[in-house]
$ cat final_4.pdb   # PDB, C-alpha atoms, pLDDT in the B column
MODEL        1
ATOM      1  CA  MET A   1     141.235  82.862 186.693  1.00 49.00           C
ATOM      2  CA  LEU A   2     138.999  80.160 188.094  1.00 44.00           C
ATOM      3  CA  LEU A   3     141.439  79.550 190.977  1.00 41.00           C
ATOM      4  CA  ALA A   4     141.539  83.242 191.847  1.00 44.00           C
ATOM      5  CA  THR A   5     137.738  83.383 191.844  1.00 43.00           C
ATOM      6  CA  CYS A   6     137.574  80.401 194.224  1.00 37.00           C
ATOM      7  CA  VAL A   7     140.080  81.984 196.609  1.00 37.00           C
ATOM      8  CA  VAL A   8     138.126  85.246 196.690  1.00 39.00           C
ATOM      9  CA  ALA A   9     134.887  83.349 197.243  1.00 41.00           C
ATOM     10  CA  LEU A  10     136.433  81.365 200.093  1.00 38.00           C
ATOM     11  CA  PHE A  11     137.506  84.494 201.953  1.00 36.00           C
ATOM     12  CA  CYS A  12     134.078  86.010 201.435  1.00 41.00           C
ATOM     13  CA  PHE A  13     132.595  83.195 203.505  1.00 43.00           C
ATOM     14  CA  ILE A  14     135.066  83.587 206.397  1.00 40.00           C
ATOM     15  CA  PRO A  15     133.450  85.576 209.225  1.00 44.00           C
ATOM     16  CA  ALA A  16     134.974  89.004 209.705  1.00 40.00           C
ATOM     17  CA  SER A  17     135.548  88.249 213.394  1.00 39.00           C
ATOM     18  CA  SER A  18     137.989  85.447 212.544  1.00 43.00           C
ATOM     19  CA  LEU A  19     140.116  87.824 210.466  1.00 44.00           C
ATOM     20  CA  ALA A  20     140.035  90.752 212.839  1.00 47.00           C
ATOM     21  CA  PRO A  21     142.904  91.173 215.318  1.00 54.00           C
ATOM     22  CA  PRO A  22     142.065  90.729 219.007  1.00 70.00           C
ATOM     23  CA  ASN A  23     140.865  93.772 220.907  1.00 83.00           C
ATOM     24  CA  CYS A  24     144.004  94.028 223.012  1.00 90.00           C
ATOM     25  CA  GLY A  25     142.894  97.272 224.604  1.00 87.00           C
ATOM     26  CA  ASP A  26     140.137  95.419 226.466  1.00 87.00           C
ATOM     27  CA  LEU A  27     141.985  92.148 227.021  1.00 89.00           C
ATOM     28  CA  VAL A  28     145.010  93.624 228.785  1.00 91.00           C
ATOM     29  CA  ARG A  29     143.157  96.415 230.549  1.00 92.00           C
ATOM     30  CA  PRO A  30     144.291  96.741 234.186  1.00 94.00           C
ATOM     31  CA  LEU A  31     141.641  96.412 236.865  1.00 93.00           C
ATOM     32  CA  ASP A  32     140.622  99.709 238.423  1.00 90.00           C
ATOM     33  CA  HIS A  33     140.894  98.458 241.991  1.00 88.00           C
ATOM     34  CA  VAL A  34     141.445  95.164 243.808  1.00 90.00           C
ATOM     35  CA  ASP A  35     140.078  94.531 247.299  1.00 87.00           C
ATOM     36  CA  GLY A  36     142.713  92.841 249.448  1.00 86.00           C
ATOM     37  CA  HIS A  37     140.078  90.767 251.254  1.00 85.00           C
ATOM     38  CA  GLN A  38     138.975  89.247 247.936  1.00 88.00           C
ATOM     39  CA  LEU A  39     142.456  87.762 247.571  1.00 92.00           C
ATOM     40  CA  ASP A  40     142.204  85.749 250.790  1.00 91.00           C
ATOM     41  CA  GLY A  41     143.002  82.074 250.434  1.00 93.00           C
ATOM     42  CA  ARG A  42     145.083  79.960 248.108  1.00 95.00           C
ATOM     43  CA  TRP A  43     145.444  80.519 244.374  1.00 97.00           C
ATOM     44  CA  HIS A  44     146.912  77.935 242.007  1.00 97.00           C
ATOM     45  CA  LEU A  45     149.066  78.788 239.014  1.00 97.00           C
ATOM     46  CA  ILE A  46     147.221  77.470 235.952  1.00 97.00           C
ATOM     47  CA  ALA A  47     149.504  78.753 233.209  1.00 96.00           C
ATOM     48  CA  HIS A  48     152.255  81.252 232.649  1.00 93.00           C
ATOM     49  CA  SER A  49     153.497  83.122 229.611  1.00 94.00           C
ATOM     50  CA  PRO A  50     157.137  84.248 229.751  1.00 90.00           C
ATOM     51  CA  VAL A  51     158.820  86.975 227.768  1.00 89.00           C
ATOM     52  CA  GLU A  52     161.752  84.781 226.739  1.00 83.00           C
ATOM     53  CA  PRO A  53     161.588  81.112 225.646  1.00 78.00           C
ATOM     54  CA  ASP A  54     164.398  80.208 228.067  1.00 71.00           C
ATOM     55  CA  ASN A  55     162.150  81.061 231.017  1.00 66.00           C
ATOM     56  CA  GLN A  56     159.779  78.203 230.182  1.00 68.00           C
ATOM     57  CA  SER A  57     162.112  75.389 231.230  1.00 69.00           C
ATOM     58  CA  ALA A  58     162.095  76.165 234.969  1.00 72.00           C
ATOM     59  CA  TYR A  59     158.294  76.098 235.114  1.00 76.00           C
ATOM     60  CA  LYS A  60     158.209  72.725 233.385  1.00 75.00           C
ATOM     61  CA  LEU A  61     160.115  71.275 236.358  1.00 80.00           C
ATOM     62  CA  MET A  62     157.518  72.556 238.827  1.00 88.00           C
ATOM     63  CA  ASP A  63     154.851  70.246 240.181  1.00 91.00           C
ATOM     64  CA  SER A  64     152.750  73.196 241.339  1.00 93.00           C
ATOM     65  CA  LEU A  65     152.976  76.831 242.361  1.00 94.00           C
ATOM     66  CA  GLY A  66     150.538  78.553 244.650  1.00 95.00           C
ATOM     67  CA  MET A  67     149.985  81.891 246.355  1.00 94.00           C
ATOM     68  CA  LYS A  68     148.235  82.126 249.694  1.00 94.00           C
ATOM     69  CA  PHE A  69     147.082  85.568 250.864  1.00 93.00           C
ATOM     70  CA  SER A  70     146.068  86.359 254.428  1.00 88.00           C
ATOM     71  CA  ASN A  71     145.916  89.041 257.146  1.00 79.00           C
ATOM     72  CA  ALA A  72     144.716  91.832 254.878  1.00 71.00           C
ATOM     73  CA  SER A  73     144.640  95.222 256.609  1.00 76.00           C
ATOM     74  CA  ASP A  74     143.276  98.249 254.772  1.00 70.00           C
ATOM     75  CA  ASN A  75     144.451 101.844 254.926  1.00 69.00           C
ATOM     76  CA  HIS A  76     142.489 104.019 252.486  1.00 64.00           C
ATOM     77  CA  ASN A  77     143.410 102.693 249.007  1.00 66.00           C
ATOM     78  CA  THR A  78     146.218 100.457 250.282  1.00 73.00           C
ATOM     79  CA  SER A  79     146.117  96.931 251.700  1.00 84.00           C
ATOM     80  CA  ASN A  80     148.942  95.197 253.524  1.00 89.00           C
ATOM     81  CA  LEU A  81     148.921  91.423 253.164  1.00 90.00           C
ATOM     82  CA  LEU A  82     150.940  88.370 254.031  1.00 92.00           C
ATOM     83  CA  LEU A  83     151.838  86.323 250.957  1.00 93.00           C
ATOM     84  CA  GLU A  84     153.029  82.738 251.184  1.00 94.00           C
ATOM     85  CA  ARG A  85     154.384  81.153 248.010  1.00 93.00           C
ATOM     86  CA  ILE A  86     154.039  77.379 247.960  1.00 94.00           C
ATOM     87  CA  LEU A  87     156.258  75.675 245.403  1.00 93.00           C
ATOM     88  CA  GLY A  88     156.150  72.001 244.499  1.00 92.00           C
ATOM     89  CA  PHE A  89     159.396  71.091 242.754  1.00 86.00           C
ATOM     90  CA  LEU A  90     160.540  67.593 241.799  1.00 83.00           C
ATOM     91  CA  GLY A  91     158.514  65.980 244.568  1.00 83.00           C
ATOM     92  CA  THR A  92     159.535  68.411 247.317  1.00 86.00           C
ATOM     93  CA  CYS A  93     157.807  71.464 248.774  1.00 90.00           C
ATOM     94  CA  ASP A  94     159.245  74.898 249.445  1.00 90.00           C
ATOM     95  CA  TYR A  95     157.576  77.727 251.369  1.00 92.00           C
ATOM     96  CA  GLU A  96     158.421  81.421 251.263  1.00 92.00           C
ATOM     97  CA  SER A  97     156.558  84.153 253.155  1.00 91.00           C
ATOM     98  CA  SER A  98     156.742  87.885 252.545  1.00 91.00           C
ATOM     99  CA  ASN A  99     154.845  91.052 253.353  1.00 92.00           C
ATOM    100  CA  ILE A 100     153.323  92.711 250.313  1.00 93.00           C
ATOM    101  CA  THR A 101     151.362  95.852 249.533  1.00 92.00           C
ATOM    102  CA  LEU A 102     148.296  96.137 247.323  1.00 93.00           C
ATOM    103  CA  GLU A 103     147.654  99.663 246.104  1.00 91.00           C
ATOM    104  CA  GLY A 104     144.825 100.076 243.623  1.00 90.00           C
ATOM    105  CA  ASN A 105     145.609  97.374 241.067  1.00 92.00           C
ATOM    106  CA  ILE A 106     149.327  96.938 241.774  1.00 94.00           C
ATOM    107  CA  LEU A 107     150.813  94.252 244.005  1.00 93.00           C
ATOM    108  CA  THR A 108     154.270  95.120 245.343  1.00 93.00           C
ATOM    109  CA  SER A 109     156.836  93.187 247.370  1.00 88.00           C
ATOM    110  CA  SER A 110     160.411  94.047 248.265  1.00 83.00           C
ATOM    111  CA  ASN A 111     161.776  92.805 244.934  1.00 85.00           C
ATOM    112  CA  GLU A 112     158.950  92.697 242.384  1.00 88.00           C
ATOM    113  CA  SER A 113     155.599  94.156 241.416  1.00 93.00           C
ATOM    114  CA  ALA A 114     152.672  93.066 239.275  1.00 94.00           C
ATOM    115  CA  THR A 115     149.510  94.569 237.821  1.00 95.00           C
ATOM    116  CA  PHE A 116     146.111  92.850 237.815  1.00 96.00           C
ATOM    117  CA  PHE A 117     144.478  92.526 234.381  1.00 96.00           C
ATOM    118  CA  HIS A 118     140.811  91.996 233.597  1.00 94.00           C
ATOM    119  CA  THR A 119     139.605  88.426 233.064  1.00 95.00           C
ATOM    120  CA  SER A 120     136.220  86.926 232.234  1.00 94.00           C
ATOM    121  CA  CYS A 121     136.855  84.163 234.790  1.00 96.00           C
ATOM    122  CA  SER A 122     135.136  84.884 238.117  1.00 93.00           C
ATOM    123  CA  ASP A 123     137.618  82.955 240.276  1.00 96.00           C
ATOM    124  CA  CYS A 124     140.815  83.773 238.397  1.00 97.00           C
ATOM    125  CA  LEU A 125     143.624  86.306 238.642  1.00 96.00           C
ATOM    126  CA  ILE A 126     145.751  87.610 235.784  1.00 96.00           C
ATOM    127  CA  LEU A 127     149.055  89.088 236.941  1.00 96.00           C
ATOM    128  CA  HIS A 128     151.445  90.959 234.666  1.00 95.00           C
ATOM    129  CA  PHE A 129     154.825  91.337 236.353  1.00 92.00           C
ATOM    130  CA  THR A 130     156.350  94.746 235.733  1.00 86.00           C
ATOM    131  CA  ASN A 131     159.719  94.222 237.421  1.00 77.00           C
ATOM    132  CA  GLY A 132     161.728  91.708 239.431  1.00 68.00           C
ATOM    133  CA  ARG A 133     162.730  88.154 238.558  1.00 69.00           C
ATOM    134  CA  ALA A 134     159.515  87.522 236.599  1.00 70.00           C
ATOM    135  CA  HIS A 135     159.671  90.832 234.691  1.00 80.00           C
ATOM    136  CA  GLY A 136     157.236  90.855 231.789  1.00 88.00           C
ATOM    137  CA  ASN A 137     155.737  87.448 232.580  1.00 92.00           C
ATOM    138  CA  LEU A 138     151.985  86.938 232.508  1.00 95.00           C
ATOM    139  CA  HIS A 139     150.465  84.512 235.036  1.00 96.00           C
ATOM    140  CA  LEU A 140     147.004  82.979 235.246  1.00 98.00           C
ATOM    141  CA  TYR A 141     145.914  81.873 238.733  1.00 98.00           C
ATOM    142  CA  SER A 142     142.650  80.346 239.879  1.00 97.00           C
ATOM    143  CA  LYS A 143     141.040  78.990 243.019  1.00 96.00           C
ATOM    144  CA  ARG A 144     140.642  75.797 240.984  1.00 96.00           C
ATOM    145  CA  ARG A 145     143.385  73.676 239.443  1.00 95.00           C
ATOM    146  CA  GLU A 146     141.743  73.622 236.018  1.00 96.00           C
ATOM    147  CA  VAL A 147     139.823  76.226 234.038  1.00 97.00           C
ATOM    148  CA  GLU A 148     137.566  76.096 231.004  1.00 97.00           C
ATOM    149  CA  LYS A 149     138.941  76.131 227.463  1.00 96.00           C
ATOM    150  CA  GLU A 150     137.433  79.579 226.919  1.00 96.00           C
ATOM    151  CA  VAL A 151     139.481  80.967 229.811  1.00 97.00           C
ATOM    152  CA  MET A 152     142.681  79.459 228.417  1.00 97.00           C
ATOM    153  CA  ASP A 153     141.899  80.793 224.938  1.00 96.00           C
ATOM    154  CA  GLU A 154     141.439  84.247 226.416  1.00 96.00           C
ATOM    155  CA  PHE A 155     144.732  83.959 228.305  1.00 97.00           C
ATOM    156  CA  LYS A 156     146.564  82.864 225.147  1.00 96.00           C
ATOM    157  CA  THR A 157     145.269  85.949 223.362  1.00 96.00           C
ATOM    158  CA  GLN A 158     146.308  88.152 226.281  1.00 96.00           C
ATOM    159  CA  ALA A 159     149.814  86.675 225.999  1.00 95.00           C
ATOM    160  CA  GLU A 160     149.839  87.542 222.301  1.00 94.00           C
ATOM    161  CA  CYS A 161     148.732  91.079 223.096  1.00 94.00           C
ATOM    162  CA  VAL A 162     151.718  91.682 225.395  1.00 93.00           C
ATOM    163  CA  LYS A 163     153.976  89.906 222.849  1.00 93.00           C
ATOM    164  CA  ASN A 164     154.935  87.071 225.207  1.00 94.00           C
ATOM    165  CA  GLN A 165     155.670  83.425 224.491  1.00 92.00           C
ATOM    166  CA  PRO A 166     152.789  80.913 224.195  1.00 93.00           C
ATOM    167  CA  PRO A 167     151.524  79.938 227.666  1.00 93.00           C
ATOM    168  CA  VAL A 168     152.833  76.851 229.449  1.00 91.00           C
ATOM    169  CA  MET A 169     150.155  75.013 231.422  1.00 93.00           C
ATOM    170  CA  MET A 170     150.799  73.421 234.790  1.00 93.00           C
ATOM    171  CA  ASP A 171     150.034  69.714 235.179  1.00 92.00           C
ATOM    172  CA  SER A 172     146.920  69.608 237.362  1.00 92.00           C
ATOM    173  CA  SER A 173     147.352  65.878 237.997  1.00 92.00           C
ATOM    174  CA  LYS A 174     150.484  66.400 240.087  1.00 91.00           C
ATOM    175  CA  LYS A 175     150.210  66.347 243.858  1.00 88.00           C
ATOM    176  CA  LEU A 176     149.771  69.653 245.663  1.00 91.00           C
ATOM    177  CA  CYS A 177     151.894  70.720 248.603  1.00 92.00           C
ATOM    178  CA  PRO A 178     149.992  71.164 251.883  1.00 91.00           C
ATOM    179  CA  ASP A 179     148.966  74.676 252.909  1.00 86.00           C
ATOM    180  CA  GLN A 180     151.373  74.691 255.829  1.00 79.00           C
ATOM    181  CA  GLU A 181     155.001  73.659 255.848  1.00 69.00           C
ATOM    182  CA  PRO A 182     155.352  70.307 257.623  1.00 62.00           C
ATOM    183  CA  THR A 183     157.758  70.075 260.527  1.00 60.00           C
ATOM    184  CA  LEU A 184     160.662  67.802 259.633  1.00 55.00           C
ATOM    185  CA  SER A 185     163.410  66.445 261.797  1.00 60.00           C
ATOM    186  CA  GLU A 186     166.979  67.218 260.743  1.00 59.00           C
ATOM    187  CA  ASP A 187     167.354  63.659 259.485  1.00 55.00           C
ATOM    188  CA  GLU A 188     164.144  63.833 257.414  1.00 63.00           C
ATOM    189  CA  GLU A 189     165.134  67.205 255.967  1.00 60.00           C
ATOM    190  CA  LEU A 190     168.575  65.877 255.027  1.00 59.00           C
ATOM    191  CA  LYS A 191     167.037  62.871 253.266  1.00 57.00           C
ATOM    192  CA  GLN A 192     164.585  65.118 251.409  1.00 59.00           C
ATOM    193  CA  ASN A 193     167.361  67.427 250.224  1.00 62.00           C
ATOM    194  CA  LEU A 194     169.432  64.442 249.131  1.00 58.00           C
ATOM    195  CA  ARG A 195     166.530  63.035 247.093  1.00 60.00           C
ATOM    196  CA  LEU A 196     166.075  66.418 245.433  1.00 57.00           C
ATOM    197  CA  LEU A 197     169.782  66.656 244.599  1.00 58.00           C
ATOM    198  CA  LEU A 198     169.777  63.183 243.056  1.00 55.00           C
ATOM    199  CA  ARG A 199     166.748  64.016 240.902  1.00 54.00           C
ATOM    200  CA  ILE A 200     168.399  67.216 239.668  1.00 52.00           C
ATOM    201  CA  LEU A 201     171.576  65.286 238.812  1.00 53.00           C
ATOM    202  CA  ASP A 202     169.485  62.741 236.890  1.00 54.00           C
ATOM    203  CA  LEU A 203     167.907  65.561 234.874  1.00 50.00           C
ATOM    204  CA  VAL A 204     171.333  67.004 234.087  1.00 46.00           C
ATOM    205  CA  ASP A 205     172.544  63.600 232.867  1.00 50.00           C
ATOM    206  CA  GLU A 206     169.447  63.202 230.677  1.00 49.00           C
ATOM    207  CA  ALA A 207     169.741  66.672 229.133  1.00 50.00           C
ATOM    208  CA  PRO A 208     171.012  66.683 225.524  1.00 52.00           C
ATOM    209  CA  ASP A 209     174.457  68.110 224.903  1.00 52.00           C
ATOM    210  CA  ALA A 210     174.527  71.698 223.698  1.00 45.00           C
TER
ENDMDL
END

$ encode --input "final_4.pdb" --output "structure tokens"
Amino acid sequence: MLLATCVVALFCFIPASSLAPPNCGDLVRPLDHVDGHQLDGRWHLIAHSPVEPDNQSAYKLMDSLGMKFSNASDNHNTSNLLLERILGFLGTCDYESSNITLEGNILTSSNESATFFHTSCSDCLILHFTNGRAHGNLHLYSKRREVEKEVMDEFKTQAECVKNQPPVMMDSSKKLCPDQEPTLSEDEELKQNLRLLLRILDLVDEAPDA
């Protein structure tokens, strides 16, 4: 009886806010409208939350992932932009450019689309991918390489709200790729590709047997 009384008393002193579920309706609320010109510049991936646990391993091999928007042109509620993805992977850099469309709060390319969610962070983007290779994934981008703990806590709760895996954070200490793809000679490019292949083979050798 005494134990039961103590347990009841303990819960009475726990704030109601700590027991209440998160207000997912507000946390994963899509933005009403995104101005294409506000996306200009480079955004760094801070953390990502995949739908499936298997999708986490590829991101752990990345040194960095960035998006660079430019050349926004508006037509009523639609913006056409140039998107350059900048991927740092095992010490090498890869660049991929594509034309994308921003309509309202939805970003669309030829093979995927994503919706912008609200965030309390003034220089952050939350993207929820609705189709394509990252279907269901939730990404947190920022103009900075690190964000405050409160921002990460909010993102973790957003991931819970969409029933995704716990977020994986990028390592901000790793070197960033330059904004523009460097011009390499054929010999330099061959050496770079060979180094990448050797590093991948090393990782395969180190991987535990299934």

$ closest_residue --input "final_4.pdb" --among "A:Lys156, A:Lys68, A:His128, A:Lys163" --to "A:His44" --atoms "all atoms listed in the file"
A:Lys68

$ atom_distance --input "final_4.pdb" --atom1 "atom CA of A:Ser64" --atom2 "atom CA of A:Leu45"
7.1 Å

$ residues_near_point --input "final_4.pdb" --point "(144.8, 87.4, 235.1)" --cutoff "12 Å" --atoms "all atoms listed in the file" --output "ChimeraX atom specification"
/A:27-31,43-49,105,114-129,137-142,151-152,154-159

$ closest_residue --input "final_4.pdb" --among "A:Arg85, A:Lys175, A:Lys143, A:His135" --to "A:Gly41" --atoms "all atoms listed in the file"
A:Lys143

$ residues_around --input "final_4.pdb" --residues "A:Glu96" --least-positions-apart "2" --cutoff "10 Å" --atoms "only C-alpha atoms" --output "PyMOL selection string"
chain A and resi 67+83-87+94+98+181

$ residues_near_point --input "final_4.pdb" --point "(151.6, 65.7, 242.7)" --cutoff "9 Å" --atoms "only C-alpha atoms" --output "VMD selection string"
chain A and resid 63 to 64 88 91 171 to 177

$ resolve_selection --input "final_4.pdb" --expression "the PyMOL selection byres ((chain A and resi 35) around 10)" --output "ChimeraX atom specification"
/A:33-34,36-40,72,74,77-79,102-105

$ atom_distance --input "final_4.pdb" --atom1 "atom CA of A:Asn164" --atom2 "atom CA of A:Glu52"
7.4 Å

$ atom_distance --input "final_4.pdb" --atom1 "atom CA of A:Thr92" --atom2 "atom CA of A:Met169"
19.6 Å
